[in-house]
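Report on the following structure.
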Amino acid sequence: MATITLTEIQKQYDQVVSFKKEITEAGNDKRGLLNGIDFPAVETKLKLPSGVTAIDAVNWDAMTDTEKQEAAGLVVSLRDSLQRIAGLNGPTEPGHIMNDSYAPNWAILLMTFIALLSVSLLLYGIMDRWTMATGTDYTSKIQAASTALTLKKVYTEKIAGMQARAFKGADTSAAAKAAKTAMTPPQLKLLRDSITSMSDIEKEAGNKAGTACIEACNAIGHGGASEETVLIMVIMLGALGGALHSLGSLVKYIGNRQFKQSWVLYYFAMPFTGAGLAPLVYMLMRIGILSPSGGAGEGTSISNLNLMAIYAFAALSGLFAKTATEKLAEVFNTMFKTGTPTKDAIGPDVKAPGK
């Protein structure tokens with residue numbers, strides 16, 4: 001038979017005191033249930049004076065192992081009874097994350113810091129990608145294409161002039177012959193090498209100009225936003241909605257002194273829940289299952305979408321994740337509604353045989 005230490009029994013009795021206090025403060029309904037609990041028997045067994053909660057070490061050591069076992073059994077039974085009256089369940093260890101106790105200071109400060117940091121980083125990322133995600137960056141792409149075309153034209157004209165000086169054309173005029181006579185062979189070689197080098201630069205400028213023109217055309221045709229850009233923005237806004245929900249709920253429960261440690265993971269997961277939920281809402285809007293006014297057009301291309309409505313619903317999906325989840329469940333139940341029962345039910349006016 002293992003010996004029960006003073007530390008163990010004191011810990012169990014502290015839980016009894018804590019439950020008793022919580023029940024007493026809960027109201028008359030639960031307080032009345034304490035009338036049937038025999039507290040004096042436990043106090044007598046532990047040799048506790050009235051109003052004292054600390055077990056005396058001398059008295060405990062003076063007890064036999066059998067008496068200690070009996071006392072521990074009474075304390076555990078009393079603790080379990082009080083726990084049921086309080087309506088509590090789950091682990092009773094104070095350090096367990098599912099214990100029904102208030103979150104420690106370090107957890108409160110850490111969760112608040114994470115929520116504030118998440119909101120700040122997401123806002124910065126959204127601001128950084130907003131122009132591209134809303135399709136308003138096609139002006140800059142057109143300017144880039146115009147600049148690239150102008151640069152290509154300058155190189156082309158410069159090469160044409162150099163080629164004329166090097167007599168690669170069919171110019172046989174007196175001026176050309178005079179210019180040719182005036183140039184030494186080394187000068188001609190240097191000029192031809194320069195033309196070759198400039199031709200490579202002109203080709204590179206032409207490639208850049210072509211790429212810039214294609215990007216500008218795509219930006220105009222697609223409203224300036226690509227599929228990938230819109231999806232990334234939807235995920236970020238969903239995460240922002242979840243982070244805002246987490247931060248607002250967190251400070252409210254802390255302010256009301258009701259923040260329990262078992263809710264820590266819930267607040268930590270909310271931004272990820274919003275980030276995962278928003279794309280689902282977005283896809284349903286794209287295919288027309290969810291079609292709020294102005295939310296989507298008749299087609300499925302980016303140019304047919306009201307991006308502001310898409311982004312607003314993405315953020316709201318994270319902010320009101322529970323509501324969005326219930327709506328998705330409603331949509332799923334409607335789409336996959338089961339048919340009529342396979343067996344005929346006996347109606348109220350139909351009697352079974354033999355009755």
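We label chains A, B, ... in the order they appear in the structure tokens, count residues from 1 in each chain, and number ligands from 1 in the order shown.
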_Residue neighbourhood region 108-116 of chain A, 9 Å, only C-alpha atoms, exclusion window fewer than 6 positions, as a list in words_ =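 Counting only the stated atoms, we get Ala243, Leu244, Ser246, Leu247, Leu250, Val251, Ile254, Phe259, Gln261, Val264, Tyr267, Phe268 and Pro271 of chain A.
What separates CA of Lys11 (chain A) from CA of Ile37 (chain A) is a distance of 19.7 Å.
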*A:Phe332, A:Tyr282, A:Tyr102, A:Trp60: which is nearest Asn256 (chain A), counting only C-alpha atoms?*
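Of all the options, A:Tyr102 lies closest to Asn256 (chain A).
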*Of the listed residues A:Ile235, A:Val52, A:Leu122, A:Ala41, that which approaches Leu78 (chain A) most closely, counting only C-alpha atoms*: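 Distance minimum relative to Leu78 (chain A) lands on A:Ala41.
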